[in-house]
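Each remark here refers to the structure printed beneath this line.
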There are 2 protein chains.
Amino acid sequence: MKTREKIAALRRHMGEEGLSACLVPSSDPHQSEYVPEPWKRRAWLSGFDGSAGEVLVTRKEAGLWTDGRYFLQAESQLVGSGVRLFRAGEPGVPTIEKFLAGTLGKGEVLGVDPFVISEARASSLASAVEASGAKVRFLKRNPVDEIWPDRPPLPTGRVMNWPVRFAGKGVAEKLKQLRRAMSARGADAHVVGALDAVAWLFNIRGTDVEYNPVVIAYAIVGLEEAELFVDEAKLPRGVRARLEHHVQIRPYRQMLSACRRLARRRASVWIDPTATNQACAEALGEATKIRAESPIFRMKAKKNPVERAGMRAAHARDGVAMVRFLCWLESAVPGGAVTEQSAARKLESFRAEGENFQGLSFPTIAGYGAHGAIIHYGVSEETDIPLRRSGLLLLDSGAQYLDGTTDITRTIALGPRVGRLERDRYTRVLKGHISLASARFPPGTPGARLDVLARGALWAAGLDYGHGTGHGVGAFLNVHEGPQSISFPRGLDVPLEVGNIQSNEPGFYEPGRFGIRIENLIEVVEAPASNAGRPFLEFETLTRCPIDTRPVDRARLSGAERQWINGYHRRVQRELSPYLDRDEREWLRRSCAPI
Amino acid sequence: MKTREKIAALRRHMGEEGLSACLVPSSDPHQSEYVPEPWKRRAWLSGFDGSAGEVLVTRKEAGLWTDGRYFLQAESQLVGSGVRLFRAGEPGVPTIEKFLAGTLGKGEVLGVDPFVISEARASSLASAVEASGAKVRFLKRNPVDEIWPDRPPLPTGRVMNWPVRFAGKGVAEKLKQLRRAMSARGADAHVVGALDAVAWLFNIRGTDVEYNPVVIAYAIVGLEEAELFVDEAKLPRGVRARLEHHVQIRPYRQMLSACRRLARRRASVWIDPTATNQACAEALGEATKIRAESPIFRMKAKKNPVERAGMRAAHARDGVAMVRFLCWLESAVPGGAVTEQSAARKLESFRAEGENFQGLSFPTIAGYGAHGAIIHYGVSEETDIPLRRSGLLLLDSGAQYLDGTTDITRTIALGPRVGRLERDRYTRVLKGHISLASARFPPGTPGARLDVLARGALWAAGLDYGHGTGHGVGAFLNVHEGPQSISFPRGLDVPLEVGNIQSNEPGFYEPGRFGIRIENLIEVVEAPASNAGRPFLEFETLTRCPIDTRPVDRARLSGAERQWINGYHRRVQRELSPYLDRDEREWLRRSCAPI
């Protein structure tokens with residue numbers, strides 16, 4: 001089926017159901033960023049497969065809303081589809097809510113599957129259309145599923161136990177911590193919808209979703225007992241036996257009836273309005289709802305000492321793979337046979353040799369030259385180009401290991417010469433990276449307050465980058481997690497805490513020419529005893545891989561900046577050398593030479 | 001009457017009125033920071049005369065709530081008063097709302113004068129006490145006035161016209177701008193309660209309040225006509241005639257009946273819940289209320305070119321007075337006859353010689369040695385001490401001129417030697433000051449995002465200061481104004497705009513030893529054309545007075561920092577020298593010598 005045919009089929013279905021409009025978001029029942037194949041309904045329907053975007057189909061129109069990262073990709077994927085691109089955030093472009101308010105008239109009905117929108121989103125949709133006398137109908141069956149002939153089944157990957165030697169904390173202890181938070185808010189029950197929250201709470205990992213080692217499951221935690229809703233076929237006997245000490249296993253499909261049971265009991269239920277889907281919220285009916293961020297998110301974000309040790313070990317191993325790759329790349333590029341895609345595969349193969357490797361943590365971005373300026377460039381057959389001995393290669397990649405998750409970006413000068421503009425921008429990005437990496441700050445500081453440090457050197461020249469500076473990273477979990485953030489204004493009310501792990505990734509993008517990003521993961525630690533006697537916080541960099549110094553304008557680094565980079569390189573060289581062969585060791589020595 | 005007697009008298013009055021508790025805030029009907037004598041009810045009742053604090057009297061207890069700036073002062077002023085000090089913001093100290101919720105029982109009544117609390121505060125009080133079955137009664141007469149025997153009358157200073165040659169914009173134009181904003185929000189009328197907003201809108205200034213050249217008045221602006229509520233006796237004929245082109249003059253006391261008229265008309269009235277008192281809000285009854293920040297505040301904060309030129313001229317004149325004073329101080333201190341108070345008076349006398357001088361913009365802070373660590377130290381007979389040839393003098397002062405308002409802090413090394421600790425802290429404060437002064441940032445940036453720049457050098461050593469970094473400053477108006485701010489998290493939703501004038505005042509305070517603050521006023525201007533082609537913003541420093549370089553650890557300044565300070569001093573010397581005598585010029589030359 002072509003997109004036009006799919007949209008026509010959807011419209012026929014809408015007609016039968018009496019719908020004037022139908023919303024197809026990109027999310028799943030767990031509000032996930034990455035979703036398994038059968039839940040990629042927006043991608044199947046529209047042909048646009050970026051990670052963020054929503055399709056709205058009315059009787060006459062079909063539109064895709066996506067953000068700046070995906071304008072170019074969406075434009076090309078929508079050609080001939082009849083689907084119009086709405087560039088969200090651009091001046092004059094309405095939000096879906098605004099568009100609906102202006103399109104639907106009195107008595108008209110917008111249909112949406114209540115599983116794939118959060119309770120918060122459901123409210124915003126309802127108030128948008130109700131103002132003009134239309135209404136939202138929460139559908140019993142997903143409308144795309146009704147017209148998708150060969151829709152794959154839900155994945156059935158086996159669930160694994162994440163042992164306490166990696167997790168650092170047992171399920172009993174985690175449940176106790178959660179129940180303390182629930183009691184403090186007067187909640188009898190907490191509905192857990194986010195997959196990484198479920199995985200963290202029960203120390204389970206899985207393969208249901210690419211890149212994210214989560215298991216498709218819900219949980220309801222009461223003050224005395226807990227229920228885990230998961231396809232039982234996926235649970236090996238040992239895992240099930242371990243879980244049953246703490247939680248009752250229920251079929252995945254029984255989640256709604258469990259919510260209805262809470263409603264009948266008139267329980268006080270803590271739900272996170274942005275992480276709980278509307279179907280569950282509706283099923284909770286008459287229960288008293290305590291609406292607040294799930295306490296699991298902050299518990300999960302504050303890594304314990306065992307997780308922190310695991311992350312360090314994973315980063316050393318990941319650094320070895322990066323160094324071996326970079327050394328190989330330097331010798332292979334002149335041969336002429338290396339492309340963006342083959343380089344990405346080669347890097348993966350080096351990683352796969354490492355202990356505890358479980359797969360990548362996101363699709364590798366290997367953007368050469370002008371491709372580097374496309375912030376979320378995905379390597380593909382169609383766009384693949386060979387790497388030559390000039391220009392910059394932006395390489396953003398990461399892996400999942402049993403003991404931790406990595407995410408690193410390096411921008412590499414492939415040729416002997418670096419252009420004046422590239423050198424200027426690279427130096428500014430590096431200055432921003434160092435400024436954030438060396439920041440100290442008092443407890444209570446949200447990351448948003450520090451974001452300016454990473455941008456200052458670019459701002460000084462009237463330059464900037466259009467993405468956040470730092471996201472939280474899970475421990476053998478999702479590479480993007482919250483609630484803390486080093487971006488503005490995201491996470492303004494979430495102070496950075498000891499044990500948070502964040503990315504530090506300023507960049508600069510010159511469209512049509514080059515892209516630069518320098519990314520390490522950093523951990524919040526207590527600073528050495530301060531003058532004032534009260535504890536201050538600072539960052540410790542976890543990532544272990546040289547930062548290319550060839551594109552740096554050394555004269556423009558301050559003494560402190562040079563000290564930082566030389567100190568970082570000394571440490572990288574010392575820690576990685578033992579795991580490298582002679583050539584690689586020599587390459588690392590050169591790459592870590594003091595500047 | 002002693003405080004104990006006043007509290008007893010208030011309790012008798014409360015008994016007659018059937019009140020269980022009575023709240024006496026420090027504010028006035030216009031939510032002013034500085035209030036005229038007859039409205040200083042909290043200070044009269046409690047004996048505590050700091051700028052911020054509230055007294056709550058119940059049948060059995062009397063408490064004063066104030067913040068960290070005033071703990072020491074409040075402690076000493078409350079001795080023997082029977083009033084308990086509640087250190088607001090300290091762990092375990094309840095807010096007034098929490099305290100009330102825990103104290104008042106079912107059916108009990110809290111009395112408060114609705115004129116002296118904002119509508120927003122009235123709601124928060126009401127919901128605090130209603131939870132426990134008590135209620136708030138808005139009193140017809142202020143309870144302190146009932147027991148204050150010799151309460152002075154309201155001031156009757158003459159109103160002056162602030163001519164367009166200073167204001168830059170006529171009343172007609174300002175009304176038009178305001179009415180455009182009102183129409184856009186669907187408002188028929190806007191109630192203006194803040195005195196500086198009224199003064200700005202009608203280009204009037206007065207002497208009703210010390211330090212703030214405002215006039216006690218309200219205004220109601222409709223789409224066609226406007227009313228100004230002011231004591232008519234204060235209006236010279238010419239001023240009245242000019243005003244009557246734009247606005248109808250009404251007696252001050254008719255404000256409530258005008259609000260009731262709007263209610264009867266069922267008008268759509270824009271009120272700012274934090275700037276409109278509860279008495280007006282109540283009188284507006286059935287009117288449709290549009291609750292949002294008054295649009296006047298942002299209009300007023302964005303100075304026009306004439307105001308900006310006036311601010312520059314005022315700062316040059318103020319700088320001349322500062323330099324003459326500092327030169328005098330250097331020669332006078334060794335004589336032994338200079339004290340904190342006499343120095344402050346001498347500085348005022350230099351300022352008073354300047355053209356357009358109208359008075360000080362706030363009480364001078366002259367804190368020598370340990371006094372410098374008391375952030376809001378007020379010079380007084382009782383605490384006055386002589387200045388000697390050692391240690392640091394913190395001098396925070398400013399003036400009102402017909403063409404502008406100034407606010408400057410210098411920290412001066414009085415002796416030939418500066419201690420190691422003082423030098424370190426002074427250098428860090430200066431680095432922070434320079435970092436903020438030289439920042440560039442994209443349009444849309446709220447000042448709160450930049451605050452970290454002023455703190456970074458202190459944070460690096462685990463140090464900080466417990467006040468904001470920058471407040472807005474009026475043009476021949478209040479020295480503190482909003483809504484923009486360079487503090488965190490204040491003003492997070494208010495981007496800095498070209499024409500905003502802010503203070504830049506990082507500091508450091510070592511209790512019992514010394515205080516440091518370096519404050520200039522800075523103006524938001526457009527940065528020179530940037531690389532990216534889109535406009536960026538930056539600051540231009542308005543204050544003209546050397547920054548003492550003797551306490552600076554020069555080796556720790558970067559090249560760019562040295563450049564900034566030398567450039568600033570070159571400019572100060574060039575612009576002020578023509579107005580100085582030979583000795584002063586020589587002093588300035590030395591003080592501006594490059595480092």
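Letters A, B, ... go to the chains of the structure tokens in the order shown; residues in each chain start at 1; ligands are counted from 1 in the same order.
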Check your understanding: Neighbours of stretch 491-499 of chain B within 9 Å (only C-alpha atoms; same-chain residues fewer than 3 positions away dropped), as a PyMOL selection string?
Key -> (chain A and resi 489) or (chain B and resi 298+301-305+308+443-449+482-488+523-526+537-538)
Exercise for review: Define the interface residues of chain A facing chain B as those within 10 Å, counting only C-alpha atoms, and report them as a PyMOL selection string.
Suggested key: chain A and resi 438-442+445+448-453+455-464+488-489+492-493+510+527-538+558-559
Save the residues we just selected, N, CA and C atoms, as a CSV table (one decimal), in the first residue's frame?
```
chain,number,residue,atom,x,y,z
A,438,SER,N,33.8,21.7,33.7
A,438,SER,CA,34.6,22.1,34.9
A,438,SER,C,33.7,23.0,35.9
A,439,ALA,N,32.4,23.1,35.6
A,439,ALA,CA,31.6,23.9,36.5
A,439,ALA,C,31.5,23.4,37.9
A,440,ARG,N,31.4,24.2,38.9
A,440,ARG,CA,31.0,23.9,40.3
A,440,ARG,C,29.8,24.7,40.6
A,441,PHE,N,28.9,24.1,41.4
A,441,PHE,CA,27.7,24.8,41.7
A,441,PHE,C,27.1,24.3,43.0
A,442,PRO,N,26.3,25.1,43.6
A,442,PRO,CA,25.7,24.7,44.9
A,442,PRO,C,24.6,23.7,44.7
A,445,THR,N,20.9,23.5,42.4
A,445,THR,CA,21.0,24.1,41.1
A,445,THR,C,20.4,23.1,40.0
A,448,ALA,N,19.4,23.6,34.0
A,448,ALA,CA,19.0,24.7,33.1
A,448,ALA,C,19.8,25.9,33.4
A,449,ARG,N,20.2,26.1,34.7
A,449,ARG,CA,21.0,27.2,35.1
A,449,ARG,C,22.4,27.2,34.5
A,450,LEU,N,22.9,26.0,34.2
A,450,LEU,CA,24.3,25.9,33.8
A,450,LEU,C,24.4,25.9,32.2
A,451,ASP,N,23.3,25.7,31.6
A,451,ASP,CA,23.3,25.6,30.1
A,451,ASP,C,24.1,26.7,29.4
A,452,VAL,N,24.0,27.9,29.9
A,452,VAL,CA,24.7,29.0,29.3
A,452,VAL,C,26.2,28.8,29.3
A,453,LEU,N,26.7,28.1,30.2
A,453,LEU,CA,28.2,27.9,30.2
A,453,LEU,C,28.6,27.2,28.9
A,455,ARG,N,27.2,27.4,26.1
A,455,ARG,CA,26.9,28.2,24.9
A,455,ARG,C,27.7,29.5,24.8
A,456,GLY,N,28.3,29.9,25.9
A,456,GLY,CA,28.9,31.3,26.0
A,456,GLY,C,29.8,31.6,24.9
A,457,ALA,N,30.7,30.7,24.6
A,457,ALA,CA,31.8,31.0,23.6
A,457,ALA,C,31.1,31.1,22.2
A,458,LEU,N,30.0,30.4,22.0
A,458,LEU,CA,29.3,30.6,20.7
A,458,LEU,C,28.5,31.9,20.7
A,459,TRP,N,27.8,32.1,21.8
A,459,TRP,CA,27.0,33.4,21.9
A,459,TRP,C,27.9,34.6,21.7
A,460,ALA,N,29.1,34.5,22.2
A,460,ALA,CA,30.0,35.7,22.1
A,460,ALA,C,30.2,36.1,20.6
A,461,ALA,N,30.0,35.1,19.7
A,461,ALA,CA,30.2,35.4,18.3
A,461,ALA,C,28.8,35.5,17.6
A,462,GLY,N,27.7,35.5,18.4
A,462,GLY,CA,26.4,35.6,17.8
A,462,GLY,C,26.0,34.2,17.2
A,463,LEU,N,26.5,33.2,17.7
A,463,LEU,CA,26.2,31.8,17.2
A,463,LEU,C,25.5,31.0,18.3
A,464,ASP,N,24.9,29.9,17.9
A,464,ASP,CA,24.2,29.1,18.9
A,464,ASP,C,24.0,27.7,18.2
A,488,PHE,N,17.7,24.6,28.6
A,488,PHE,CA,16.8,25.7,29.1
A,488,PHE,C,15.6,25.7,28.2
A,489,PRO,N,14.3,25.7,28.7
A,489,PRO,CA,14.0,25.7,30.2
A,489,PRO,C,13.7,24.3,30.7
A,492,LEU,N,13.7,22.8,34.8
A,492,LEU,CA,14.0,24.0,35.7
A,492,LEU,C,13.8,23.7,37.1
A,493,ASP,N,12.8,22.8,37.4
A,493,ASP,CA,12.5,22.5,38.8
A,493,ASP,C,13.1,21.3,39.3
A,510,GLU,N,26.7,24.3,10.5
A,510,GLU,CA,26.8,25.2,9.4
A,510,GLU,C,26.1,24.5,8.2
A,527,ALA,N,31.9,18.1,45.3
A,527,ALA,CA,33.2,18.8,45.1
A,527,ALA,C,34.1,18.6,46.3
A,528,PRO,N,35.4,18.7,46.2
A,528,PRO,CA,36.2,18.6,47.4
A,528,PRO,C,35.8,19.8,48.4
A,529,ALA,N,36.1,19.5,49.6
A,529,ALA,CA,35.6,20.5,50.7
A,529,ALA,C,35.9,21.9,50.3
A,530,SER,N,34.9,22.7,50.3
A,530,SER,CA,35.0,24.1,49.8
A,530,SER,C,35.4,25.0,50.9
A,531,ASN,N,35.8,26.2,50.5
A,531,ASN,CA,36.1,27.3,51.4
A,531,ASN,C,35.0,27.5,52.4
A,532,ALA,N,33.8,27.5,51.9
A,532,ALA,CA,32.6,27.9,52.7
A,532,ALA,C,32.2,26.8,53.6
A,533,GLY,N,32.8,25.6,53.5
A,533,GLY,CA,32.5,24.6,54.4
A,533,GLY,C,31.2,23.8,54.0
A,534,ARG,N,30.4,24.4,53.2
A,534,ARG,CA,29.2,23.6,52.8
A,534,ARG,C,29.5,22.9,51.5
A,535,PRO,N,28.8,21.8,51.3
A,535,PRO,CA,29.1,21.0,50.1
A,535,PRO,C,28.7,21.7,48.8
A,536,PHE,N,29.6,21.6,47.8
A,536,PHE,CA,29.3,22.1,46.5
A,536,PHE,C,29.3,20.8,45.6
A,537,LEU,N,28.8,21.0,44.4
A,537,LEU,CA,28.8,19.9,43.5
A,537,LEU,C,29.6,20.2,42.3
A,538,GLU,N,30.1,19.2,41.6
A,538,GLU,CA,30.8,19.4,40.3
A,538,GLU,C,30.6,18.2,39.4
A,558,SER,N,42.4,29.2,27.1
A,558,SER,CA,43.0,29.8,28.2
A,558,SER,C,43.9,28.7,28.9
A,559,GLY,N,44.7,29.1,29.8
A,559,GLY,CA,45.6,28.2,30.5
A,559,GLY,C,44.7,27.1,31.2
```
Check your understanding: What lies within 12 Å of A:Val230 using only C-alpha atoms, ignoring chain neighbours under 6 positions off, as JSON, numbers by chain?
Key -> {"A": [154, 155, 156, 157, 158, 159, 193, 195, 198, 199, 204, 206, 208, 214, 215, 216, 217, 218, 219, 220, 240, 243, 247, 248, 249, 250, 251, 252, 253, 254, 255]}
Practice item. List the neighbours of A:Gln563 out to 12 Å using only C-alpha atoms; skip same-chain residues closer than 4 positions along the sequence, and give me the result as a list of chain:residue names. Key: A:Ile434, A:Ser438, A:Arg554, A:Leu557, A:Ser558, A:Gly559, A:Gly567, A:Tyr568, A:His569, A:Arg570, A:Pro594, A:Ile595
Since we have the selection now, will you write its residues out, keeping N, CA, C and O atoms, as a PDB file, in the first residue's frame?
```
ATOM      1  N   ILE A 434      34.221  22.426  27.789  1.00  0.00           N
ATOM      2  CA  ILE A 434      35.118  22.471  28.960  1.00  0.00           C
ATOM      3  C   ILE A 434      34.496  23.314  30.071  1.00  0.00           C
ATOM      4  O   ILE A 434      34.564  22.968  31.251  1.00  0.00           O
ATOM      5  N   SER A 438      33.817  21.727  33.736  1.00  0.00           N
ATOM      6  CA  SER A 438      34.550  22.147  34.930  1.00  0.00           C
ATOM      7  C   SER A 438      33.719  22.998  35.879  1.00  0.00           C
ATOM      8  O   SER A 438      34.255  23.562  36.827  1.00  0.00           O
ATOM      9  N   ARG A 554      44.702  26.661  19.256  1.00  0.00           N
ATOM     10  CA  ARG A 554      45.262  26.577  20.613  1.00  0.00           C
ATOM     11  C   ARG A 554      45.449  27.938  21.256  1.00  0.00           C
ATOM     12  O   ARG A 554      45.331  28.085  22.470  1.00  0.00           O
ATOM     13  N   LEU A 557      42.687  29.077  23.531  1.00  0.00           N
ATOM     14  CA  LEU A 557      42.335  28.407  24.789  1.00  0.00           C
ATOM     15  C   LEU A 557      43.059  29.107  25.942  1.00  0.00           C
ATOM     16  O   LEU A 557      44.213  29.515  25.803  1.00  0.00           O
ATOM     17  N   SER A 558      42.370  29.234  27.056  1.00  0.00           N
ATOM     18  CA  SER A 558      43.021  29.801  28.243  1.00  0.00           C
ATOM     19  C   SER A 558      43.900  28.739  28.871  1.00  0.00           C
ATOM     20  O   SER A 558      43.832  27.555  28.517  1.00  0.00           O
ATOM     21  N   GLY A 559      44.726  29.145  29.814  1.00  0.00           N
ATOM     22  CA  GLY A 559      45.569  28.193  30.530  1.00  0.00           C
ATOM     23  C   GLY A 559      44.735  27.109  31.184  1.00  0.00           C
ATOM     24  O   GLY A 559      45.065  25.920  31.125  1.00  0.00           O
ATOM     25  N   GLY A 567      44.793  17.290  31.071  1.00  0.00           N
ATOM     26  CA  GLY A 567      44.495  16.395  32.196  1.00  0.00           C
ATOM     27  C   GLY A 567      43.572  15.272  31.752  1.00  0.00           C
ATOM     28  O   GLY A 567      43.771  14.097  32.101  1.00  0.00           O
ATOM     29  N   TYR A 568      42.569  15.628  30.971  1.00  0.00           N
ATOM     30  CA  TYR A 568      41.637  14.616  30.465  1.00  0.00           C
ATOM     31  C   TYR A 568      42.383  13.586  29.611  1.00  0.00           C
ATOM     32  O   TYR A 568      42.212  12.375  29.763  1.00  0.00           O
ATOM     33  N   HIS A 569      43.234  14.077  28.743  1.00  0.00           N
ATOM     34  CA  HIS A 569      43.957  13.169  27.843  1.00  0.00           C
ATOM     35  C   HIS A 569      44.950  12.285  28.596  1.00  0.00           C
ATOM     36  O   HIS A 569      45.120  11.108  28.263  1.00  0.00           O
ATOM     37  N   ARG A 570      45.609  12.845  29.620  1.00  0.00           N
ATOM     38  CA  ARG A 570      46.509  12.017  30.430  1.00  0.00           C
ATOM     39  C   ARG A 570      45.754  10.827  31.005  1.00  0.00           C
ATOM     40  O   ARG A 570      46.205   9.694  30.966  1.00  0.00           O
ATOM     41  N   PRO A 594      50.016  16.564  24.860  1.00  0.00           N
ATOM     42  CA  PRO A 594      49.596  17.835  25.462  1.00  0.00           C
ATOM     43  C   PRO A 594      49.565  18.956  24.422  1.00  0.00           C
ATOM     44  O   PRO A 594      50.351  18.959  23.473  1.00  0.00           O
ATOM     45  N   ILE A 595      48.645  19.864  24.603  1.00  0.00           N
ATOM     46  CA  ILE A 595      48.627  21.034  23.707  1.00  0.00           C
ATOM     47  C   ILE A 595      48.893  22.277  24.548  1.00  0.00           C
ATOM     48  O   ILE A 595      48.781  22.254  25.758  1.00  0.00           O
TER      49      ILE A 595
END
```
Point to revise | Given only C-alpha atoms as the counted atoms, nearest of A:Asn212, A:Glu584, A:Arg562, A:Arg312 to A:Ile501 | key: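 Residue with the minimum atom-to-atom distance to A:Ile501: A:Arg312.
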Name the residues in contact with A:Ala279 at a cut-off of 8 Å, using only C-alpha atoms, excluding same-chain residues fewer than 5 positions from it; report them as an mmCIF file with N, CA, C and O atoms, in the first residue's frame.
```cif
data_model
loop_
_atom_site.group_PDB
_atom_site.id
_atom_site.type_symbol
_atom_site.label_atom_id
_atom_site.label_comp_id
_atom_site.auth_asym_id
_atom_site.auth_seq_id
_atom_site.Cartn_x
_atom_site.Cartn_y
_atom_site.Cartn_z
ATOM 1 N N PRO A 114 -6.933 5.967 23.025
ATOM 2 C CA PRO A 114 -6.530 6.530 24.327
ATOM 3 C C PRO A 114 -5.266 5.885 24.893
ATOM 4 O O PRO A 114 -4.701 6.392 25.850
ATOM 5 N N PHE A 115 -4.839 4.759 24.304
ATOM 6 C CA PHE A 115 -3.599 4.142 24.782
ATOM 7 C C PHE A 115 -2.357 4.926 24.353
ATOM 8 O O PHE A 115 -1.343 4.859 25.017
ATOM 9 N N LEU A 256 -6.048 -2.698 32.350
ATOM 10 C CA LEU A 256 -7.224 -1.843 32.513
ATOM 11 C C LEU A 256 -8.164 -2.356 33.594
ATOM 12 O O LEU A 256 -8.710 -1.584 34.377
#
```
Point to revise | Shortest interatomic distance to A:Tyr34 - which of A:Val209, A:Ala316, A:Val164, A:Ile374, counting only C-alpha atoms | key: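 Counting only C-alpha atoms, the residue closest to A:Tyr34 is A:Val209.
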Practice item. Write out as a PyMOL selection string each polymer residue whose atoms come within 10 Å of A:Asp145, counting only C-alpha atoms; drop sequence neighbours fewer than 3 positions from it. Key: chain A and resi 10+38-39+41+141-142+148-151
Give me a file of those residues, with C-alpha atoms, as a PDB file, in the first residue's frame.
```pdb
ATOM      1  CA  LEU A  10      -8.216   5.372   7.045  1.00  0.00           C
ATOM      2  CA  PRO A  38       3.666  -2.932  15.563  1.00  0.00           C
ATOM      3  CA  TRP A  39       3.317   0.396  17.411  1.00  0.00           C
ATOM      4  CA  ARG A  41       1.628   3.380  13.301  1.00  0.00           C
ATOM      5  CA  ARG A 141      -9.593  -0.029  18.725  1.00  0.00           C
ATOM      6  CA  ASN A 142      -6.641   1.744  17.172  1.00  0.00           C
ATOM      7  CA  TRP A 148      -2.851  -2.296   8.523  1.00  0.00           C
ATOM      8  CA  PRO A 149      -3.027  -5.683   6.798  1.00  0.00           C
ATOM      9  CA  ASP A 150       0.267  -7.309   7.734  1.00  0.00           C
ATOM     10  CA  ARG A 151       0.910  -5.588  11.036  1.00  0.00           C
TER      11      ARG A 151
END
```
Review point. Among stretch 160-395 of chain B, which residues carry a DSSP assignment of alpha helix (DSSP H), reported as a PyMOL selection string?
Key: chain B and resi 164-167+171-184+195-202+237-243+255-264+278-283+295-301+305-332+340-352
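Interatomic distance, atom CA of B:Gln502 against atom CA of B:Tyr368: 25.9 Å.
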Exercise for review: Go through stretch 303-379 of chain A and collect every residue that DSSP, computed from the backbone, puts in strand (DSSP E); the answer should be as JSON, numbers by chain.
Suggested key: {"A": [357, 358, 359, 360, 365, 366, 367, 368]}
Next, the residues of the selection above should be written as a CSV table (one decimal), in the first residue's frame with all heavy atoms.
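Saved as out-v8.csv:
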```
chain,number,residue,atom,x,y,z
A,357,PHE,N,28.7,-6.5,26.1
A,357,PHE,CA,28.1,-5.7,25.0
A,357,PHE,C,26.7,-6.3,24.8
A,357,PHE,O,26.6,-7.5,24.6
A,357,PHE,CB,28.9,-5.7,23.8
A,357,PHE,CG,28.3,-5.0,22.6
A,357,PHE,CD1,28.4,-3.6,22.5
A,357,PHE,CD2,27.7,-5.8,21.6
A,357,PHE,CE1,27.8,-3.0,21.4
A,357,PHE,CE2,27.1,-5.1,20.5
A,357,PHE,CZ,27.1,-3.7,20.4
A,358,GLN,N,25.7,-5.5,24.6
A,358,GLN,CA,24.3,-5.9,24.4
A,358,GLN,C,23.7,-5.3,23.1
A,358,GLN,O,22.6,-5.7,22.8
A,358,GLN,CB,23.4,-5.5,25.6
A,358,GLN,CG,23.9,-6.1,26.9
A,358,GLN,CD,23.6,-7.6,27.0
A,358,GLN,OE1,22.5,-8.0,26.9
A,358,GLN,NE2,24.7,-8.4,27.2
A,359,GLY,N,24.4,-4.4,22.5
A,359,GLY,CA,23.8,-3.7,21.3
A,359,GLY,C,24.1,-2.2,21.4
A,359,GLY,O,24.8,-1.7,22.4
A,360,LEU,N,23.6,-1.5,20.4
A,360,LEU,CA,23.8,0.0,20.4
A,360,LEU,C,22.8,0.6,21.3
A,360,LEU,O,21.7,0.0,21.5
A,360,LEU,CB,23.7,0.5,19.0
A,360,LEU,CG,24.8,0.0,18.0
A,360,LEU,CD1,24.7,0.7,16.7
A,360,LEU,CD2,26.2,0.1,18.6
A,365,ILE,N,25.0,8.0,14.4
A,365,ILE,CA,25.0,9.2,13.5
A,365,ILE,C,26.4,9.3,13.0
A,365,ILE,O,27.3,9.6,13.8
A,365,ILE,CB,24.6,10.4,14.2
A,365,ILE,CG1,23.1,10.3,14.7
A,365,ILE,CG2,24.7,11.7,13.2
A,365,ILE,CD1,22.7,11.4,15.6
A,366,ALA,N,26.7,9.1,11.7
A,366,ALA,CA,28.0,9.3,11.1
A,366,ALA,C,27.8,10.3,9.9
A,366,ALA,O,27.4,9.9,8.9
A,366,ALA,CB,28.6,8.0,10.6
A,367,GLY,N,28.0,11.6,10.2
A,367,GLY,CA,27.6,12.6,9.3
A,367,GLY,C,28.9,13.2,8.7
A,367,GLY,O,29.6,14.0,9.5
A,368,TYR,N,29.2,13.0,7.5
A,368,TYR,CA,30.5,13.5,6.9
A,368,TYR,C,30.2,14.8,6.2
A,368,TYR,O,29.2,14.9,5.4
A,368,TYR,CB,31.1,12.5,6.0
A,368,TYR,CG,32.3,12.9,5.3
A,368,TYR,CD1,33.4,13.5,6.0
A,368,TYR,CD2,32.5,12.8,3.9
A,368,TYR,CE1,34.5,14.0,5.4
A,368,TYR,CE2,33.6,13.2,3.2
A,368,TYR,CZ,34.6,13.8,4.0
A,368,TYR,OH,35.8,14.2,3.3
```
Practice item. Can you pull out every residue within 10 Å of B:Arg550, counting only C-alpha atoms, but drop anything in the same chain fewer than 4 positions away, and send it as a ChimeraX atom specification? Key: /B:412-418,423,426,554,591,595
**Study point:** Atomic distance atom CA of A:Leu85 - atom CA of A:Glu16, expressed in Å with one decimal
**Key:**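 Atom CA of A:Glu16 lies 26.7 Å from atom CA of A:Leu85.
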Check your understanding: Between B:Met299, B:Val24, B:Ala275, B:Ile375, which one has atoms that come closest to B:Gly474, using only C-alpha atoms?
Key ->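 Counting only C-alpha atoms, the residue closest to B:Gly474 is B:Met299.
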List every residue of stretch 22-109 of chain B that has an atom at most 12 Å from any atom of stretch 267-274 of chain B, and for each one report the closest atom pair and its distance in Å to one decimal, counting only C-alpha atoms, with rows sorted by chain and then by increasing residue number, as a Markdown table.
```
| residue | atom | partner | partner_atom | distance |
| --- | --- | --- | --- | --- |
| B:Ser27 | CA | B:Thr274 | CA | 11.8 |
| B:Pro29 | CA | B:Thr274 | CA | 11.5 |
| B:His30 | CA | B:Thr274 | CA | 9.9 |
| B:Gln31 | CA | B:Thr274 | CA | 7.9 |
| B:Ser32 | CA | B:Thr274 | CA | 11.0 |
```
